[in-house]
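Trainee: Take a look at the following structure, please.
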2 protein chains.
Amino acid sequence: MNNFSFNCPTKFVFGRGTTDQTGAQLAALGHRHALVVYGQGSVVRTGTLGRVLASLDEAGVSYVELSGARPNPEIELVRKGVELARNEKVDVILGVGGGSTIDTAKAISLGVPYTGDTWDLFSRAAQPIAEGKPPVACVLTIPAAGSEASDSCVITNDEKCLKKGLSTDLNRPELAIMDPELTFTLPPYQTAAGVTDMCAHIMERYFSGADAVPVTDGIACSLLRTLIAEAPRALANPEDYDARANIMWVGMLAHNGIAGVGRNLVPTSRAGGWESHGLEHELSAHDPKIAHGAGLAVIFPAWMRYVWRENPERFLAFGRDVFDIEPVNPEEDGVDITAEQAVADAVEATIDALQEFFVSMGMPSTLGELGITEADIDALIQTLEQNKGAEFGEFKRLTMEDARNIYMSAL
Amino acid sequence: MNNFSFNCPTKFVFGRGTTDQTGAQLAALGHRHALVVYGQGSVVRTGTLGRVLASLDEAGVSYVELSGARPNPEIELVRKGVELARNEKVDVILGVGGGSTIDTAKAISLGVPYTGDTWDLFSRAAQPIAEGKPPVACVLTIPAAGSEASDSCVITNDEKCLKKGLSTDLNRPELAIMDPELTFTLPPYQTAAGVTDMCAHIMERYFSGADAVPVTDGIACSLLRTLIAEAPRALANPEDYDARANIMWVGMLAHNGIAGVGRNLVPTSRAGGWESHGLEHELSAHDPKIAHGAGLAVIFPAWMRYVWRENPERFLAFGRDVFDIEPVNPEEDGVDITAEQAVADAVEATIDALQEFFVSMGMPSTLGELGITEADIDALIQTLEQNKGAEFGEFKRLTMEDARNIYMSAL
C-alpha cells in the first residue's frame with residue numbers, strides 16, 4: 001500500500017427531492033449570490049433548472065445565469081463566465097448538469113482569482129490559486145464523469161485544437177446535490193455510456209502499476225459488481241429509483257479517488273496510467289459524436305487483451321472478485337491444458353465477461369460500430385502522439401506501435 | 001436507498017513516515033500555534049510524541065501540551081484543555097493517540113467557542129457552535145474507534161457517572177495523519193480488540209432497519225473481508241506493513257459513514273440502531289478493564305443470534321457476501337430438512353464464522369471470560385435502562401427483558 005493523501009471535502013446531499021433543497025443548502029453554507037451554469041438542452045426542458053432557480057429564490061440566494069455549456073466544454077464560455085463572476089461578485093459557481101457543465105463551473109471558479117487568461121491554468125503556464133477562488137456547487141443530472149466530487153476538470157480549446165485536464169484538490173466541489181430522480185429521463189444509450197465511464201474510472205485505477213491493496217481493490221470490485229447488477233435494472237425500468245440511486249452514488253465513488261488510494265505510485269498523484277482514457281480520447285476528438293463511454297466500451301477490453309500478460313495475477317484477481325471466474329486447475333480438474341493456458345483462458349473469460357456486460361447495455365464492441373475504420377488509424381496515432389508523447393502508460397508502457405496494435409485489434 | 005447527507009472533509013495523509021510531516025501539514029493549513037493533546041503511555045515511550053513535536057518545531061508551529069487523556073476520556077481534562085486553548089489562543093487542537101485522545105481533542109475544540117461548561121454540549125443543555133471553533137487534527141496511533149474522521153465524540157463525566165456521545169459534522173477532524181508503522185508496537189490483544197471494534201462499526205450500520213443498499217452493503221462487506229484476511233497477518237507478524245496499513249484504512253472507512261450511507265432511516269442521522277454498542281457499553285462501564293472491542297466480540301454474536309429472525313434475508317446476504325455461506329436447498333441438494341431449517345442453519349453458520357474469527361484473534365466469546373457473571377446482570381440492566389430507556393434498537397426493538405436474554409445467552 002503506497003503512501004497517499006486524500007481529501008474530498010464535498011458535502012453530498014443525496015436523494016429524492018434534494019433538487020429543491022439547492023437554495024437552502026447554498027444559503028446554509030453562507031452563499032448569497034450565485035453564478036448558475038448550465039447547458040441548453042435537457043435541464044431546461046425537464047424543468048430541473050426551473051426547480052433549482054425557484055429554490056434559490058426561496059432561500060434568498062440571488063443569481064446570474066450562464067447557459068451554453070456543451071460536451072467537451074470550451075474555454076471561450078469559461079472566459080465569459082469568469083468575467084461575469086467577477087463583475088457580479090458572485091460567491092459561488094453552481095453547475096446544473098452533467099460532467100461538462102460541472103467542469104465549466106470548475107474552470108470558471110479557477111479563473112476568477114487568476115489575473116491572466118484562464119487557459120494558462122490548463123496549458124500549465126500558470127498555477128491555480130486558492131485565495132479568492134469562489135467555491136463550486138453542483139446539481140448533478142448525468143451520472144458518469146464523477147465531476148461532482150472529483151479533482152478533475154477538462155476543458156477544450158477549439159482555437160488551439162487542444163483538450164486539457166487539470167487535476168487539483170481545488171477542483172473539489174463544496175456541495176453536490178444528487179437527486180437520482182433527475183436521471184429517470186436519461187436515454188438508455190446515455191445511461192449505458194455513463195455506467196461504462198464509471199467502470200473505466202474504477203478499472204484505470206485497479207490496473208495501475210502498484211501491488212494489490214486489498215482494502216482499495218475490494219471497494220473497487222464491489223463498486224463494479226454493483227454496476228453490473230444495477231445497470232440492467234435501470235435500463236429495463238428507467239424509473240427504478242434504487243437502481244438509479246445506486247448507479248449515481250457509484251459514479252461519485254468511482255472517481256473521487258477512494259477506489260484508488262494506495263495504488264498511486266506517487267503520494268500526490270492519482271492511481272493508474274489512464275491508458276484507455278488516453279486511447280479513447282482520440283476517438284471522441286476524431287468524431288465528437290462518439291460518446292466517451294461508448295469509446296471506452298471498445299477500447300478498455302482491447303487494451304486489456306493487449307496488456308494482461310504484464311501481470312496475469314492482477315487479471316485473475318479481477319476475474320475472481322468481479323465475475324467469480326477461477327482458472328481451472330489442469331491436474332485437479334483433469335483437464336489436458338497447461339497451467340499457462342488455464343490462466344490465459346480465465347483472463348480471456350474475464351475480459352469477455354466485461355465486454356459482454358458493455359454489449360448487453362447496448363454499447364459497441366468494435367471501432368467499426370463507432371464509424372472508425374483502418375483508414376482513420378494513422379490520424380488517431382498522430383494526435384495520440386501529440387497528446388501523450390512517444391510512450392505512455394503505467395501497467396505497461398505503450399509505444400505508438402502498441403497503440404496502433406490496440407486500435408487495429410478493435411476494428 | 002434512503003436520502004442522506006454525507007460530508008467528511010478530513011484531509012488524510014497516509015503512509016510510512018507521515019508522522020514526521022505533521023508540522024508541515026499543519027503549517028500548510030495555515031496553523032501556527034497548536035494545543036497538543038496526548039495520553040501518558042505509549043506515545044511518549046515509543047517516541048511518537050517526540051517525532052510529532054520535532055516536526056512542529058521544524059515547521060515553525062509553536063505549541064502547548066496537555067497530557068493525561070485516558071480511555072473513556074473525562075470531562076475534567078476537557079475543561080482544562082478548553083481553558084488552555086483559550087488562554088493560549090491556539091489555532092488548532094492536535095490529538096496524538098487513539099480514539100480517546102482524539103475524542104478529548106474534539107471535545108476541547110467544541111468547548112472553546114461555548115461560553116458555558118463544555119459538559120452542557122454532551123448533556124444536550126446547549127448546541128455546539130461552529131464559529132470560533134478551532135479545527136481538530138490528529139496523529140492516529142491506534143486504529144479502532146475511527147475517531148480520526150468520524151462525526152463522533154464520546155466523553156465521560158466521572159462525577160455524574162455518565163458517558164455521553166455527541167455526533168455532529170463539527171467533530172470531523174480537518175487533518176488525519178495515518179502512519180501504519182506506528183501500529184507495529186500495538187499488543188495483539190489491542191490489535192484484535194481494535195479490529196473487532198471496526199467490524200462492529202460496519203455491522204451496526206449493515207444491520208439497520210433499512211432495505212438493502214447494494215453499493216453501501218457491497219462496500220461494508222468488502223471492508224469486513226479485508227479485516228478477516230488482514231488481521232491474522234498483522235497478528236502473526238506485527239510488522240507486516242501492508243496488513244497494518246489495510247487495517248488502519250479500514251478502521252477509518254468503518255466509521256466515517258461511507259459504509260452506512262442510504263441505510264439511515266432519517267437523512268441527517270447515522271445508519272443503524274447501535275444495539276450492540278448500547279449493550280456493550282454497560283460492560284465496560286461496569287468494569288473499565290473490559291476493552292470495548294472485547295466486549296463487542298461477546299455481545300455482537302449474542303445479539304445476532306437473538307434478533308436474526310426479524311430479517312433472515314439480511315443475515316443470508318451477509319453470510320453470502322462475507323463468508324461465502326449459502327443455505328442448502330433441501331430439494332435440489334436432497335437434504336431432508338425444511339427450507340426454514342436450511343435458512344436457520346446458514347444463519348447459524350454465519351454467526352459462528354464471525355464469532356470464530358473474533359476468537360481466532362484472541363477475543364473472548366463469553367461474558368464469563370470478561371469476569372461478568374449472572375449476578376452482575378441486574379446491575380447491567382439497571383444502568384442500561386438509565387441510558388437507553390425502556391426500549392431501544394432499530395433492527396429489532398429491544399426491551400429490557402430482551403436485553404437480559406441477550407446477556408444471559410452470552411454468559
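Residues are referred to by chain and number: the chain letter is A, B, ... according to the order shown in the C-alpha cells, the number counts from 1 in that chain, and ligands are numbered separately from 1 in the order shown.
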Which neighbours of A:Ile155 fall inside 9 Å, counting only C-alpha atoms, when residues of the same chain fewer than 6 positions from it are skipped, and could you give them as a list in words?

Mentor: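 My reading of the contact set: Asn72, Pro73, Glu74, Ile75, Val78, Ser100, Asp103, Thr104, Ala107, Trp119, Phe122, Leu162, Lys163, Lys164, Gly165 and Leu166 of chain A.
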
Trainee: Using the selection just defined, write its residues with N, CA and C atoms as a tab-separated table (two decimals), in the first residue's frame.

Mentor:
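This went into part_5.tsv:
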```
chain	number	residue	atom	x	y	z
A	72	ASN	N	-17.52	18.36	-24.09
A	72	ASN	CA	-16.19	18.90	-24.34
A	72	ASN	C	-16.21	20.41	-24.13
A	73	PRO	N	-16.44	20.86	-22.91
A	73	PRO	CA	-16.70	22.28	-22.63
A	73	PRO	C	-15.52	23.15	-23.08
A	74	GLU	N	-15.88	24.34	-23.56
A	74	GLU	CA	-14.90	25.16	-24.28
A	74	GLU	C	-14.46	26.35	-23.45
A	75	ILE	N	-13.23	26.75	-23.67
A	75	ILE	CA	-12.61	27.81	-22.87
A	75	ILE	C	-13.29	29.16	-23.08
A	78	VAL	N	-15.95	29.59	-20.69
A	78	VAL	CA	-15.31	29.75	-19.37
A	78	VAL	C	-14.87	31.20	-19.18
A	100	SER	N	-19.74	17.91	-18.09
A	100	SER	CA	-19.25	19.04	-18.88
A	100	SER	C	-19.66	20.37	-18.26
A	103	ASP	N	-17.64	20.78	-15.09
A	103	ASP	CA	-16.27	21.18	-15.43
A	103	ASP	C	-16.22	22.64	-15.86
A	104	THR	N	-17.23	23.10	-16.56
A	104	THR	CA	-17.28	24.52	-16.93
A	104	THR	C	-17.31	25.38	-15.66
A	107	ALA	N	-13.91	25.38	-14.02
A	107	ALA	CA	-12.92	26.20	-14.73
A	107	ALA	C	-13.18	27.69	-14.48
A	119	TRP	N	-7.04	29.94	-19.67
A	119	TRP	CA	-6.41	28.82	-20.38
A	119	TRP	C	-4.99	28.55	-19.87
A	122	PHE	N	-4.70	25.64	-17.74
A	122	PHE	CA	-4.81	24.33	-18.39
A	122	PHE	C	-3.58	24.02	-19.23
A	162	LEU	N	-7.02	21.86	-28.78
A	162	LEU	CA	-6.46	21.16	-27.62
A	162	LEU	C	-7.55	20.86	-26.60
A	163	LYS	N	-7.36	19.81	-25.84
A	163	LYS	CA	-8.26	19.43	-24.75
A	163	LYS	C	-7.34	19.10	-23.58
A	164	LYS	N	-7.48	19.84	-22.49
A	164	LYS	CA	-6.51	19.68	-21.40
A	164	LYS	C	-7.22	19.47	-20.07
A	165	GLY	N	-6.69	18.58	-19.28
A	165	GLY	CA	-7.22	18.33	-17.96
A	165	GLY	C	-6.34	18.96	-16.89
A	166	LEU	N	-6.97	19.37	-15.81
A	166	LEU	CA	-6.23	19.92	-14.68
A	166	LEU	C	-6.76	19.26	-13.41
```

Trainee: For the interface of chain A with chain B (cut-off 8 Å, counting only C-alpha atoms), please tabulate each contacting residue of chain A alongside its nearest pair of atoms and their separation in Å to one decimal, rows sorted by chain and increasing number, as a Markdown table.

Mentor:
```
| residue | atom | partner | partner_atom | distance |
| --- | --- | --- | --- | --- |
| A:Met1 | CA | B:Asp242 | CA | 5.9 |
| A:Asn2 | CA | B:Gly15 | CA | 6.8 |
| A:Asn3 | CA | B:Gly15 | CA | 4.3 |
| A:Phe4 | CA | B:Phe14 | CA | 5.4 |
| A:Ser5 | CA | B:Val13 | CA | 4.4 |
| A:Phe6 | CA | B:Phe12 | CA | 5.1 |
| A:Asn7 | CA | B:Lys11 | CA | 4.4 |
| A:Cys8 | CA | B:Pro9 | CA | 5.8 |
| A:Pro9 | CA | B:Pro9 | CA | 3.5 |
| A:Thr10 | CA | B:Asn7 | CA | 6.2 |
| A:Lys11 | CA | B:Asn7 | CA | 4.4 |
| A:Phe12 | CA | B:Phe6 | CA | 5.1 |
| A:Val13 | CA | B:Ser5 | CA | 4.4 |
| A:Phe14 | CA | B:Phe4 | CA | 5.4 |
| A:Gly15 | CA | B:Asn3 | CA | 4.3 |
| A:Arg16 | CA | B:Asn3 | CA | 6.6 |
| A:Val213 | CA | B:Asn246 | CA | 7.4 |
| A:Pro214 | CA | B:Thr226 | CA | 6.2 |
| A:Val215 | CA | B:Thr226 | CA | 5.7 |
| A:Gly218 | CA | B:Ser222 | CA | 5.3 |
| A:Ile219 | CA | B:Ile219 | CA | 5.5 |
| A:Ser222 | CA | B:Gly218 | CA | 5.3 |
| A:Leu223 | CA | B:Val215 | CA | 6.3 |
| A:Thr226 | CA | B:Val215 | CA | 5.7 |
| A:Asp242 | CA | B:Met1 | CA | 5.9 |
| A:Ala245 | CA | B:Met1 | CA | 6.8 |
| A:Asn246 | CA | B:Val215 | CA | 5.8 |
| A:Trp249 | CA | B:Val215 | CA | 7.6 |
| A:Val250 | CA | B:Val215 | CA | 6.7 |
```

Trainee: If DSSP is run on the backbone, what residues of stretch 183-304 of chain B are alpha helix (DSSP H)? A reply as an MDAnalysis selection string would be ideal.

Mentor: chainID B and resid 188:206 214:236 241:253 275:286 292:304

Trainee: Hey, what's within 12 Å of B:Arg51 if we count only C-alpha atoms and toss same-chain stuff fewer than 2 positions away? As number ranges by chain, please?

Mentor: B: 17-23, 43-49, 53-58, 96, 139, 182

Trainee: Give me the residues within 7 Å of stretch 327-336 of chain B as a PyMOL selection string, counting only C-alpha atoms and dropping any in the same chain fewer than 6 places off.

Mentor: chain B and resi 342-343+346

Trainee: For the residues selected in the previous step, produce a file with C-alpha atoms as a compact mmCIF listing (two decimals), in the first residue's frame.

Mentor:
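Result file out_34.txt:
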```txt
# COMPACT_ATOMS: atom_id res chain seq x y z
CA ALA B 342 -31.87 -24.54 5.92
CA VAL B 343 -32.07 -20.79 6.48
CA ALA B 346 -26.98 -20.90 7.20
```

Trainee: Quick check for you: according to DSSP on this backbone, which residues of stretch 154-298 of chain A are classed as strand (DSSP E)? Reply as a PDB file with C-alpha atoms, in the first residue's frame.

Mentor:
```
ATOM      1  CA  VAL A 154     -11.161  19.000 -18.548  1.00  0.00           C
ATOM      2  CA  ILE A 155     -11.507  21.954 -20.918  1.00  0.00           C
ATOM      3  CA  THR A 156     -11.253  22.164 -24.691  1.00  0.00           C
ATOM      4  CA  ASN A 157      -9.662  24.997 -26.627  1.00  0.00           C
ATOM      5  CA  LEU A 162      -6.463  21.160 -27.622  1.00  0.00           C
ATOM      6  CA  LYS A 163      -8.258  19.431 -24.747  1.00  0.00           C
ATOM      7  CA  LYS A 164      -6.509  19.683 -21.397  1.00  0.00           C
ATOM      8  CA  GLY A 165      -7.223  18.326 -17.957  1.00  0.00           C
ATOM      9  CA  LEU A 175     -21.585  20.901  -2.375  1.00  0.00           C
ATOM     10  CA  ALA A 176     -23.088  18.218  -4.597  1.00  0.00           C
ATOM     11  CA  ILE A 177     -26.842  17.822  -4.852  1.00  0.00           C
ATOM     12  CA  MET A 178     -27.501  14.286  -6.097  1.00  0.00           C
TER      13      MET A 178
END
```

Trainee: Set the distance at 10 Å and use only C-alpha atoms: which residues neighbour A:Asp402 once local chain neighbours fewer than 4 positions away are removed? I'd like the list as a list in words.

Mentor: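 Within the cut-off, the hits are Trp303, Tyr306, Val307, Glu391, Lys396, Arg397, Leu398, Ile406, Tyr407 and Met408 of chain A.
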
Trainee: I'd like the contact shell of B:Arg320 - 10 Å cut-off, only C-alpha atoms, skipping same-chain residues fewer than 4 positions apart - returned as a list of chain:residue names.

Mentor: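 Counting only C-alpha atoms, the residues come to B:Cys221, B:Arg314, B:Phe315, B:Leu316, B:Asp324, B:Ile325, B:Glu326, B:Pro327, B:Ala346, B:Val347, B:Thr350.
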
Trainee: Can you write out the residues you just picked, keeping N, CA and C atoms, as a tab-separated table (two decimals), in the first residue's frame?

Mentor:
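What landed in part.tsv:
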```tsv
chain	number	residue	atom	x	y	z
B	221	CYS	N	-19.33	-5.09	3.21
B	221	CYS	CA	-18.86	-6.48	3.24
B	221	CYS	C	-17.42	-6.60	2.74
B	314	ARG	N	-31.59	-10.64	5.43
B	314	ARG	CA	-30.44	-9.76	5.65
B	314	ARG	C	-29.23	-10.57	6.13
B	315	PHE	N	-29.49	-11.51	7.01
B	315	PHE	CA	-28.39	-12.33	7.51
B	315	PHE	C	-27.87	-13.29	6.44
B	316	LEU	N	-28.77	-13.78	5.59
B	316	LEU	CA	-28.31	-14.65	4.49
B	316	LEU	C	-27.42	-13.86	3.53
B	324	ASP	N	-19.17	-16.42	2.17
B	324	ASP	CA	-19.50	-17.39	1.12
B	324	ASP	C	-20.36	-18.53	1.63
B	325	ILE	N	-21.25	-18.23	2.54
B	325	ILE	CA	-22.15	-19.26	3.08
B	325	ILE	C	-23.51	-19.15	2.39
B	326	GLU	N	-23.91	-20.26	1.76
B	326	GLU	CA	-25.22	-20.33	1.10
B	326	GLU	C	-26.07	-21.33	1.85
B	327	PRO	N	-27.34	-21.06	2.06
B	327	PRO	CA	-28.19	-22.10	2.65
B	327	PRO	C	-28.32	-23.26	1.68
B	346	ALA	N	-27.91	-21.82	7.87
B	346	ALA	CA	-26.98	-20.90	7.20
B	346	ALA	C	-26.70	-19.68	8.06
B	347	VAL	N	-27.73	-19.17	8.71
B	347	VAL	CA	-27.53	-18.01	9.58
B	347	VAL	C	-26.65	-18.39	10.76
B	350	THR	N	-23.16	-18.61	9.74
B	350	THR	CA	-22.61	-17.26	9.51
B	350	THR	C	-22.18	-16.63	10.83
```

Trainee: Can you measure atom CA of B:Arg233 to atom CA of B:Val195 for me? One decimal in Å is fine.

Mentor: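 Distance between the two atoms: 12.3 Å.
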
Trainee: Provide the atom CA of B:Ala344 to atom CA of B:Ala390 distance in Å, to one decimal place.

Mentor: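 These two atoms are separated by 29.3 Å.
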
Trainee: Using only C-alpha atoms, which of A:Ala234, A:Ile129, A:Ala302, A:Met400 sits nearest A:Asp352?

Mentor: A:Ala302

Trainee: Tell me which protein, DNA and RNA residues are within 10 Å of B:Ala126, counting only C-alpha atoms, leaving out same-chain ones fewer than 6 positions away, and put them as an MDAnalysis selection string.

Mentor: chainID B and resid 114 116:120

Trainee: Taking only residues of stretch 192-293 of chain A that have an atom at most 9 Å from an atom of stretch 354-360 of chain A, what is each one's shortest atom pair and its distance in Å to one decimal, using only C-alpha atoms, in chain and number order, as CSV?

Mentor:
```
residue,atom,partner,partner_atom,distance
A:Ala192,CA,A:Phe358,CA,7.7
A:Ala193,CA,A:Phe358,CA,8.7
A:Val195,CA,A:Phe358,CA,8.8
A:Thr196,CA,A:Phe358,CA,6.8
A:Ile228,CA,A:Phe357,CA,7.1
A:Pro232,CA,A:Ser360,CA,8.2
```

Trainee: Taking N, CA and C atoms for each residue, export the selection above as a PDB file, in the first residue's frame.

Mentor:
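Result went into out23.pdb, see below:
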```pdb
ATOM      1  N   ALA A 192     -26.087   3.885 -20.386  1.00  0.00           N
ATOM      2  CA  ALA A 192     -25.084   2.831 -20.583  1.00  0.00           C
ATOM      3  C   ALA A 192     -23.682   3.418 -20.732  1.00  0.00           C
ATOM      4  N   ALA A 193     -23.579   4.513 -21.477  1.00  0.00           N
ATOM      5  CA  ALA A 193     -22.265   5.146 -21.651  1.00  0.00           C
ATOM      6  C   ALA A 193     -21.753   5.673 -20.318  1.00  0.00           C
ATOM      7  N   VAL A 195     -22.472   4.426 -17.287  1.00  0.00           N
ATOM      8  CA  VAL A 195     -22.040   3.267 -16.490  1.00  0.00           C
ATOM      9  C   VAL A 195     -20.676   2.772 -16.978  1.00  0.00           C
ATOM     10  N   THR A 196     -20.485   2.775 -18.289  1.00  0.00           N
ATOM     11  CA  THR A 196     -19.198   2.334 -18.841  1.00  0.00           C
ATOM     12  C   THR A 196     -18.077   3.262 -18.396  1.00  0.00           C
ATOM     13  N   ILE A 228     -22.761  -3.793 -12.364  1.00  0.00           N
ATOM     14  CA  ILE A 228     -23.169  -4.920 -13.213  1.00  0.00           C
ATOM     15  C   ILE A 228     -24.560  -5.418 -12.813  1.00  0.00           C
ATOM     16  N   PRO A 232     -28.571  -3.184 -15.583  1.00  0.00           N
ATOM     17  CA  PRO A 232     -29.680  -3.802 -16.329  1.00  0.00           C
ATOM     18  C   PRO A 232     -31.043  -3.414 -15.762  1.00  0.00           C
TER      19      PRO A 232
END
```
